[in-house]
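Asks: The following file, query.cif, comprises mmCIF, C-alpha atoms and all ligand atoms:
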```
data_final
loop_
_atom_site.label_atom_id
_atom_site.label_comp_id
_atom_site.auth_asym_id
_atom_site.auth_seq_id
_atom_site.Cartn_x
_atom_site.Cartn_y
_atom_site.Cartn_z
CA MET A 15 95.73 33.11 36.87
CA GLU A 16 95.14 31.35 33.59
CA ASN A 17 92.13 32.25 31.45
CA VAL A 18 90.04 30.33 28.98
CA ILE A 19 88.79 32.14 25.89
CA LEU A 20 85.07 31.79 25.27
CA SER A 21 83.65 31.40 21.75
CA ASN A 22 83.01 35.16 21.51
CA GLY A 23 86.61 36.02 22.53
CA VAL A 24 85.80 36.95 26.15
CA GLN A 25 88.43 35.75 28.63
CA MET A 26 87.28 33.89 31.73
CA PRO A 27 89.51 32.92 34.70
CA ILE A 28 89.92 29.14 34.84
CA VAL A 29 89.57 29.22 38.65
CA GLY A 30 86.77 31.17 40.27
CA TYR A 31 85.06 31.32 43.65
CA GLY A 32 81.64 29.71 44.23
CA VAL A 33 79.22 31.07 46.84
CA TYR A 34 76.42 28.50 46.93
CA GLN A 35 75.00 28.04 50.45
CA ILE A 36 76.81 31.07 51.88
CA ILE A 37 73.49 32.58 52.81
CA ASP A 38 74.23 34.80 55.82
CA PRO A 39 74.77 38.23 54.19
CA LYS A 40 77.64 39.29 56.51
CA VAL A 41 79.43 35.94 56.17
CA CYS A 42 79.04 36.06 52.38
CA GLU A 43 80.27 39.66 52.07
CA GLU A 44 83.38 38.91 54.17
CA ALA A 45 84.02 35.62 52.36
CA VAL A 46 83.90 37.26 48.92
CA LEU A 47 86.15 40.06 50.13
CA SER A 48 88.64 37.47 51.45
CA ALA A 49 88.47 35.56 48.17
CA LEU A 50 89.23 38.74 46.23
CA GLU A 51 92.14 39.44 48.58
CA ALA A 52 93.39 35.88 48.04
CA GLY A 53 93.54 36.58 44.29
CA TYR A 54 90.22 35.31 42.93
CA ARG A 55 88.74 37.57 40.27
CA SER A 56 85.81 35.41 39.19
CA ILE A 57 82.76 35.00 41.45
CA ASP A 58 79.93 32.56 40.72
CA THR A 59 76.53 33.38 42.18
CA ALA A 60 72.87 32.85 41.23
CA GLN A 61 69.49 34.39 41.95
CA MET A 62 68.64 31.22 43.86
CA TYR A 63 71.61 31.64 46.25
CA GLN A 64 70.04 34.86 47.60
CA ASN A 65 73.42 36.47 48.12
CA GLU A 66 73.80 38.77 45.11
CA ALA A 67 73.45 41.91 47.27
CA ALA A 68 76.21 40.74 49.64
CA ILE A 69 78.47 40.11 46.65
CA GLY A 70 77.69 43.58 45.30
CA ARG A 71 78.79 45.11 48.61
CA ALA A 72 82.00 43.05 48.69
CA ILE A 73 82.88 44.09 45.13
CA LYS A 74 82.34 47.75 46.04
CA ARG A 75 84.42 47.46 49.21
CA SER A 76 87.27 45.68 47.39
CA GLY A 77 87.98 48.71 45.19
CA ILE A 78 89.07 46.34 42.39
CA PRO A 79 88.44 47.91 38.95
CA ARG A 80 85.31 46.43 37.39
CA GLU A 81 87.13 45.30 34.23
CA GLU A 82 89.42 43.05 36.32
CA LEU A 83 86.46 41.08 37.66
CA PHE A 84 84.42 38.28 36.12
CA ILE A 85 80.98 38.05 37.71
CA THR A 86 78.52 35.26 36.91
CA THR A 87 74.89 35.00 37.91
CA LYS A 88 72.12 32.60 36.89
CA VAL A 89 68.41 33.08 36.24
CA TRP A 90 66.27 30.79 38.37
CA TYR A 91 63.42 28.90 36.80
CA SER A 92 60.74 30.60 38.89
CA ASN A 93 61.65 33.66 36.78
CA ALA A 94 60.94 31.82 33.53
CA GLY A 95 59.46 33.46 30.44
CA GLU A 96 61.23 36.22 28.54
CA GLU A 97 59.63 39.20 30.28
CA LYS A 98 59.89 37.88 33.83
CA ALA A 99 63.47 36.73 33.20
CA MET A 100 64.35 40.18 31.86
CA GLN A 101 62.95 41.83 34.99
CA SER A 102 64.85 39.38 37.18
CA ILE A 103 68.11 40.18 35.35
CA GLU A 104 67.56 43.89 36.05
CA GLY A 105 66.99 42.92 39.70
CA SER A 106 70.23 40.92 39.80
CA LEU A 107 72.18 43.83 38.34
CA ARG A 108 70.69 46.18 40.93
CA LYS A 109 71.60 43.83 43.78
CA LEU A 110 75.10 43.31 42.42
CA GLN A 111 75.42 47.11 41.89
CA LEU A 112 76.68 46.42 38.37
CA ASP A 113 75.82 47.69 34.89
CA TYR A 114 76.64 44.29 33.40
CA VAL A 115 77.62 40.78 34.39
CA ASP A 116 80.39 38.87 32.64
CA LEU A 117 78.39 35.68 32.37
CA LEU A 118 74.67 35.07 32.59
CA LEU A 119 73.38 31.48 32.73
CA VAL A 120 70.02 29.70 32.63
CA HIS A 121 70.31 27.88 35.97
CA GLN A 122 68.31 24.76 35.04
CA PRO A 123 66.33 23.41 32.10
CA PHE A 124 62.96 23.70 33.84
CA ASN A 125 59.88 25.79 33.04
CA ASP A 126 59.97 28.13 30.00
CA TYR A 127 63.76 28.14 29.75
CA TYR A 128 63.55 29.11 26.08
CA GLY A 129 61.99 32.36 27.28
CA ILE A 130 64.82 32.75 29.81
CA TYR A 131 67.37 32.12 27.08
CA ARG A 132 65.80 34.78 24.83
CA ALA A 133 66.15 37.24 27.74
CA LEU A 134 69.81 36.23 28.00
CA GLU A 135 70.30 36.83 24.27
CA LYS A 136 68.67 40.24 24.63
CA SER A 137 70.93 41.05 27.61
CA TYR A 138 73.96 40.01 25.58
CA ARG A 139 72.97 42.19 22.63
CA THR A 140 72.34 45.21 24.87
CA GLY A 141 75.60 44.84 26.79
CA LYS A 142 74.12 43.68 30.09
CA ALA A 143 76.03 40.39 29.81
CA ARG A 144 79.43 39.90 28.16
CA ALA A 145 78.72 36.19 27.67
CA ILE A 146 75.73 33.87 28.08
CA GLY A 147 75.19 30.18 28.61
CA VAL A 148 73.43 27.44 30.50
CA SER A 149 73.82 25.26 33.56
CA ASN A 150 72.75 21.66 34.15
CA PHE A 151 71.91 21.19 30.47
CA TYR A 152 72.82 17.63 29.55
CA PRO A 153 73.18 16.65 25.88
CA ASP A 154 69.44 16.22 25.18
CA ARG A 155 68.35 19.68 26.41
CA PHE A 156 71.63 21.26 25.26
CA LEU A 157 71.36 20.05 21.65
CA ASP A 158 67.73 21.08 21.45
CA LEU A 159 68.64 24.60 22.59
CA VAL A 160 71.60 24.80 20.21
CA LYS A 161 69.24 23.88 17.36
CA HIS A 162 66.74 26.63 18.18
CA ALA A 163 68.70 29.49 19.78
CA ASP A 164 70.23 32.38 17.79
CA ILE A 165 73.37 32.50 19.96
CA LYS A 166 75.02 29.26 21.00
CA PRO A 167 75.68 28.96 24.77
CA MET A 168 79.24 30.02 25.50
CA VAL A 169 79.39 28.06 28.77
CA ASN A 170 77.64 25.03 30.26
CA GLN A 171 78.08 24.75 34.05
CA LEU A 172 77.64 21.14 35.15
CA GLU A 173 78.38 18.91 38.10
CA THR A 174 81.93 17.80 37.28
CA HIS A 175 84.42 16.18 39.65
CA VAL A 176 86.58 13.08 39.91
CA PHE A 177 83.57 10.84 40.59
CA ASN A 178 81.45 12.36 37.81
CA GLN A 179 83.86 13.51 35.13
CA GLN A 180 81.67 14.41 32.11
CA LEU A 181 84.23 12.89 29.75
CA ASP A 182 81.81 12.13 26.89
CA THR A 183 79.63 15.16 27.41
CA GLN A 184 82.61 17.57 27.41
CA GLU A 185 83.33 16.44 23.85
CA ILE A 186 79.75 17.12 22.75
CA PHE A 187 79.62 20.60 24.30
CA GLU A 188 83.02 21.60 22.95
CA LYS A 189 81.94 20.59 19.45
CA TYR A 190 79.53 23.55 19.60
CA GLY A 191 82.12 25.94 21.06
CA THR A 192 80.68 25.68 24.58
CA GLN A 193 83.12 25.88 27.49
CA VAL A 194 82.55 23.34 30.28
CA GLU A 195 82.52 24.81 33.80
CA SER A 196 82.50 22.50 36.80
CA TRP A 197 80.22 22.97 39.77
CA GLY A 198 81.05 20.91 42.84
CA PRO A 199 84.67 20.43 41.70
CA LEU A 200 85.52 19.02 45.15
CA ALA A 201 82.57 16.59 44.93
CA GLN A 202 81.08 18.77 47.70
CA GLY A 203 83.28 16.71 50.04
CA ARG A 204 81.13 13.59 49.52
CA HIS A 205 82.24 9.98 49.16
CA ASN A 206 85.19 10.61 51.49
CA PHE A 207 86.65 12.89 48.81
CA PHE A 208 89.18 14.76 50.99
CA GLU A 209 90.69 11.48 52.25
CA HIS A 210 90.74 9.74 48.90
CA PRO A 211 93.84 7.45 48.89
CA VAL A 212 94.65 7.78 45.16
CA LEU A 213 94.40 11.58 45.17
CA THR A 214 96.35 11.76 48.45
CA GLU A 215 99.15 9.66 47.00
CA ILE A 216 99.39 11.71 43.81
CA GLY A 217 99.41 14.89 45.92
CA GLU A 218 102.41 13.61 47.89
CA ASN A 219 104.48 13.71 44.68
CA TYR A 220 104.08 17.50 44.56
CA ASP A 221 103.39 18.40 48.21
CA LYS A 222 99.82 19.23 47.22
CA SER A 223 96.47 18.44 48.87
CA VAL A 224 93.64 16.26 47.55
CA SER A 225 91.72 19.43 46.72
CA GLN A 226 94.63 20.85 44.69
CA VAL A 227 95.12 17.58 42.77
CA ALA A 228 91.41 17.32 41.92
CA LEU A 229 91.20 20.95 40.80
CA ARG A 230 94.42 20.64 38.80
CA TYR A 231 93.02 17.55 37.06
CA LEU A 232 89.98 19.50 35.83
CA VAL A 233 92.03 22.56 34.86
CA GLN A 234 94.40 20.36 32.83
CA ARG A 235 91.32 19.11 30.96
CA GLY A 236 90.51 22.75 30.14
CA ILE A 237 87.54 22.87 32.52
CA VAL A 238 86.74 26.01 34.53
CA VAL A 239 86.41 25.34 38.29
CA ILE A 240 84.66 27.38 41.00
CA PRO A 241 85.43 25.75 44.38
CA LYS A 242 83.58 27.11 47.41
CA THR A 243 85.02 27.58 50.88
CA VAL A 244 84.42 30.05 53.68
CA ARG A 245 87.92 29.50 55.09
CA LYS A 246 90.72 31.84 54.05
CA GLU A 247 93.49 29.22 54.14
CA ARG A 248 91.43 26.97 51.87
CA MET A 249 90.75 29.86 49.47
CA LYS A 250 94.53 30.22 49.08
CA GLU A 251 95.01 26.47 48.79
CA ASN A 252 92.36 26.06 46.08
CA ILE A 253 93.88 28.74 43.86
CA ASP A 254 97.48 27.55 44.32
CA ILE A 255 97.44 24.98 41.51
CA PHE A 256 99.55 26.59 38.80
CA ASP A 257 103.03 25.51 39.97
CA PHE A 258 102.72 21.80 39.20
CA LYS A 259 101.52 19.61 36.34
CA LEU A 260 100.04 16.12 36.58
CA SER A 261 101.76 13.55 34.36
CA GLU A 262 99.86 11.69 31.66
CA GLU A 263 99.93 8.58 33.83
CA GLU A 264 98.48 10.49 36.82
CA MET A 265 95.79 11.99 34.56
CA SER A 266 94.74 8.52 33.40
CA THR A 267 94.81 7.15 36.97
CA ILE A 268 92.41 9.92 38.05
CA LYS A 269 90.32 9.35 34.92
CA SER A 270 89.74 5.78 36.11
CA LEU A 271 88.01 7.11 39.29
CA ASP A 272 85.00 8.20 37.21
CA LYS A 273 81.82 6.49 38.39
CA LYS A 274 79.35 8.92 36.77
CA GLN A 275 78.19 9.35 40.37
CA THR A 276 75.94 12.39 40.81
CA ASN A 277 75.38 14.61 43.87
CA LYS A 278 72.14 16.24 42.78
CA PRO A 279 71.68 19.32 44.99
CA PRO A 280 68.60 19.72 47.26
CA HIS A 281 66.91 22.08 44.80
CA TRP A 282 66.51 19.14 42.37
CA ASP A 283 64.16 17.50 44.82
CA PRO A 284 60.99 16.70 42.77
CA ASP A 285 58.70 18.05 45.51
CA ARG A 286 60.51 21.38 45.40
CA VAL A 287 60.36 21.50 41.58
CA ILE A 288 56.62 20.67 41.62
CA ASP A 289 56.07 23.39 44.21
CA THR A 290 58.05 26.03 42.27
CA LEU A 291 56.34 25.17 38.97
CA GLY A 292 52.91 25.14 40.64
CA LEU A 293 52.14 21.67 39.24
P1 LIG B 301 82.52 22.18 46.21
O1 LIG B 301 83.20 23.44 45.84
O2 LIG B 301 82.83 20.94 45.47
O3 LIG B 301 82.80 21.82 47.73
C1 LIG B 301 82.58 22.74 48.76
C2 LIG B 301 82.85 22.02 50.10
O4 LIG B 301 84.24 21.68 50.22
C3 LIG B 301 82.51 22.86 51.28
O5 LIG B 301 81.98 22.01 52.27
C4 LIG B 301 83.87 23.41 51.75
O6 LIG B 301 83.84 23.61 53.15
C5 LIG B 301 84.80 22.28 51.39
N1 LIG B 301 86.17 22.70 51.01
C6 LIG B 301 86.50 23.63 50.08
N2 LIG B 301 87.83 23.69 49.91
C7 LIG B 301 88.37 22.79 50.76
C8 LIG B 301 89.70 22.38 51.05
N3 LIG B 301 90.73 22.92 50.39
N4 LIG B 301 89.90 21.41 51.98
C9 LIG B 301 88.85 20.84 52.64
N5 LIG B 301 87.55 21.20 52.41
C10 LIG B 301 87.33 22.16 51.47
O7 LIG B 301 80.92 22.34 46.20
P2 LIG B 301 79.87 23.46 45.79
O8 LIG B 301 79.97 24.66 46.66
O9 LIG B 301 78.55 22.82 45.73
O10 LIG B 301 80.30 23.87 44.30
C11 LIG B 301 81.11 24.98 43.99
C12 LIG B 301 80.29 26.10 43.39
O11 LIG B 301 79.61 25.66 42.21
C13 LIG B 301 79.14 26.59 44.27
O12 LIG B 301 79.57 27.37 45.35
C14 LIG B 301 78.30 27.31 43.26
O13 LIG B 301 78.84 28.58 42.96
C15 LIG B 301 78.38 26.37 42.08
N6 LIG B 301 77.25 25.39 42.03
C16 LIG B 301 76.37 25.47 40.98
C17 LIG B 301 75.31 24.59 40.88
C18 LIG B 301 74.37 24.68 39.71
O14 LIG B 301 73.30 24.06 39.75
N7 LIG B 301 74.74 25.43 38.69
C19 LIG B 301 75.12 23.59 41.86
C20 LIG B 301 76.02 23.53 42.91
C21 LIG B 301 77.08 24.42 42.99
P3 LIG B 301 84.21 25.03 53.86
O15 LIG B 301 83.40 26.10 53.18
O16 LIG B 301 83.83 24.80 55.28
O17 LIG B 301 85.68 25.19 53.66
#
```
Could I get this file's structure written as C-alpha cells?
Replies:
Amino acid sequence: MENVILSNGVQMPIVGYGVYQIIDPKVCEEAVLSALEAGYRSIDTAQMYQNEAAIGRAIKRSGIPREELFITTKVWYSNAGEEKAMQSIEGSLRKLQLDYVDLLLVHQPFNDYYGIYRALEKSYRTGKARAIGVSNFYPDRFLDLVKHADIKPMVNQLETHVFNQQLDTQEIFEKYGTQVESWGPLAQGRHNFFEHPVLTEIGENYDKSVSQVALRYLVQRGIVVIPKTVRKERMKENIDIFDFKLSEEEMSTIKSLDKKQTNKPPHWDPDRVIDTLGL
C-alpha cells in the first residue's frame, strides 16, 4: 500500500475502505473485517453513517495493532457548536472503542461549522485526532476557513470521480497543503460507470477492470480514494491497483471525461437540511 504524507507528517494510505450506507450492524462488522483481511488499513466512517460501533467491533476482532490502522470519522452538522461537537467526538471514540482517530473531519459546511472546527483543533491538540480536516468544502467555504482557523485542514474529502474530477479545485486545496480525498471514486456506479467504453478499453491494455482504471487514475493524481463495496472479491479488486501505471496519453483521455457532473447524496436534500437545522 502506498501512503500520502499529510501536511503535519502523518502518513495516510492512498486507498481506504468506505462504509457509507452499510447500515445493518452485522453486515457492516463483517464487511469491515473482510476489508481488513483483504489488506485495507484505512476505514472511512462518519457519525451520520450510524455504523461507528460496528466498525469498533470489527477492529477489535481483527486483532490488528492500532498503530497499523488509519481510522477516519466525521462530525455531523446536527452536532454543530464547539461544545456539542466535542461531546459528539467523545461519543464517536466510545463507539469506535478507540482513544484517538487518525483523521477527524467536519462532514459538511452547514450550521456552526466554525464551532465544529474548533472542537477538531482541540481534539488534535489533545491527541484525540492525529489529523483534522473538512469534507464537502468547496473553494469559497474552504478559503474562508483557512483564513480564520488556527490549523489549516490537512484533508478535504470531496466528490471526485471521472465525471467530476476536481481538477481546478485540487490545485487550490494543495496550495494550502490540504490533501484531496475522493468520495464516490466509482461515481457510485451512476451514469453507466461500470460499463464505460473508454475505461473498459483502457483496462483491456492491462487486464484491469473499469473500477481499477478509475481508481488508478485518481491515485496517479495523488488523490486518496475510499471505494465502498460489501463484496469480498470487489474489495480485493479495488485495492489491486499498484501493479500497473496509466500512460500520459491514457491519463489525458480520462481527463477529457470530466463533465463536472455531481451526484449529490440524499443528505444534501434541502428538506432534510431544513429539518436538521430546525429552520
Ligand atoms: P463508490 O465507492 O463510488 O461506489 C460504491 C458502489 O459501487 C456500490 O454500489 C458498490 O456496490 C459498487 N462497487 C464497488 N466496487 C465495485 C466493483 N469493483 N465492481 C462493481 N461495482 C462495485 O460510492 P460511495 O460509497 O458513495 O463512496 C465511497 C465512500 O466515500 C463512502 O463509502 C463513504 O465512506 C465516503 N463518502 C463520503 C461522503 C461525504 O459527504 N463526505 C459522501 C459519500 C460517500 P457493492 O457494495 O454491492 O459492491
Asks: 7 Å from ligand LIG 301 (chain B) is the threshold here; counting all atoms listed in the file, which polymer residues fall inside it? Answer as a PyMOL selection string.
Replies: chain A and resi 31-35+58-59+121-122+149-150+171-173+196-203+208+225+240-245+248-249+251-252+279
Asks: Which one of A:Lys274, A:Arg144, A:Lys269, A:Lys250 sits closest to Glu51 (chain A) if you count only C-alpha atoms?
Replies: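 Distance minimum relative to Glu51 (chain A) lands on A:Lys250.
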Asks: Give the answer as one residue: which of A:Leu271, A:Met62, A:Ile253, A:Val176 has the shortest atom-to-atom distance to Ala49 (chain A), using all atoms listed in the file?
Replies: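 Distance minimum relative to Ala49 (chain A) lands on A:Ile253.
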Asks: In Å, rounded to a single decimal, give me how far CA of Asp113 (chain A) is from CA of Glu96 (chain A).
Replies: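 Going from CA of Glu96 (chain A) over to CA of Asp113 (chain A) covers 19.6 Å.
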Asks: At a cut-off of 12 Å, using only C-alpha atoms, what residues contact Val227 (chain A)? Leave out same-chain residues fewer than 5 positions from it and give the result as a PyMOL selection string.
Replies: chain A and resi 175-176+199-200+207-208+210-222+232-234+251-261+264-265+267-268
Asks: Let me make sure I understand: among A:Ile186, A:Ala133, A:Ile69, A:Leu83, which one has the smallest atom-to-atom distance to Glu104 (chain A) if we use only C-alpha atoms?
Replies: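 So, comparing all the options, the nearest one is A:Ala133.
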Asks: Rounded to one decimal in Å, what is the spacing between CA of Tyr231 (chain A) and CA of Gly23 (chain A)?
Replies: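 Spanning CA of Tyr231 (chain A) to CA of Gly23 (chain A) is a straight-line distance of 24.4 Å.
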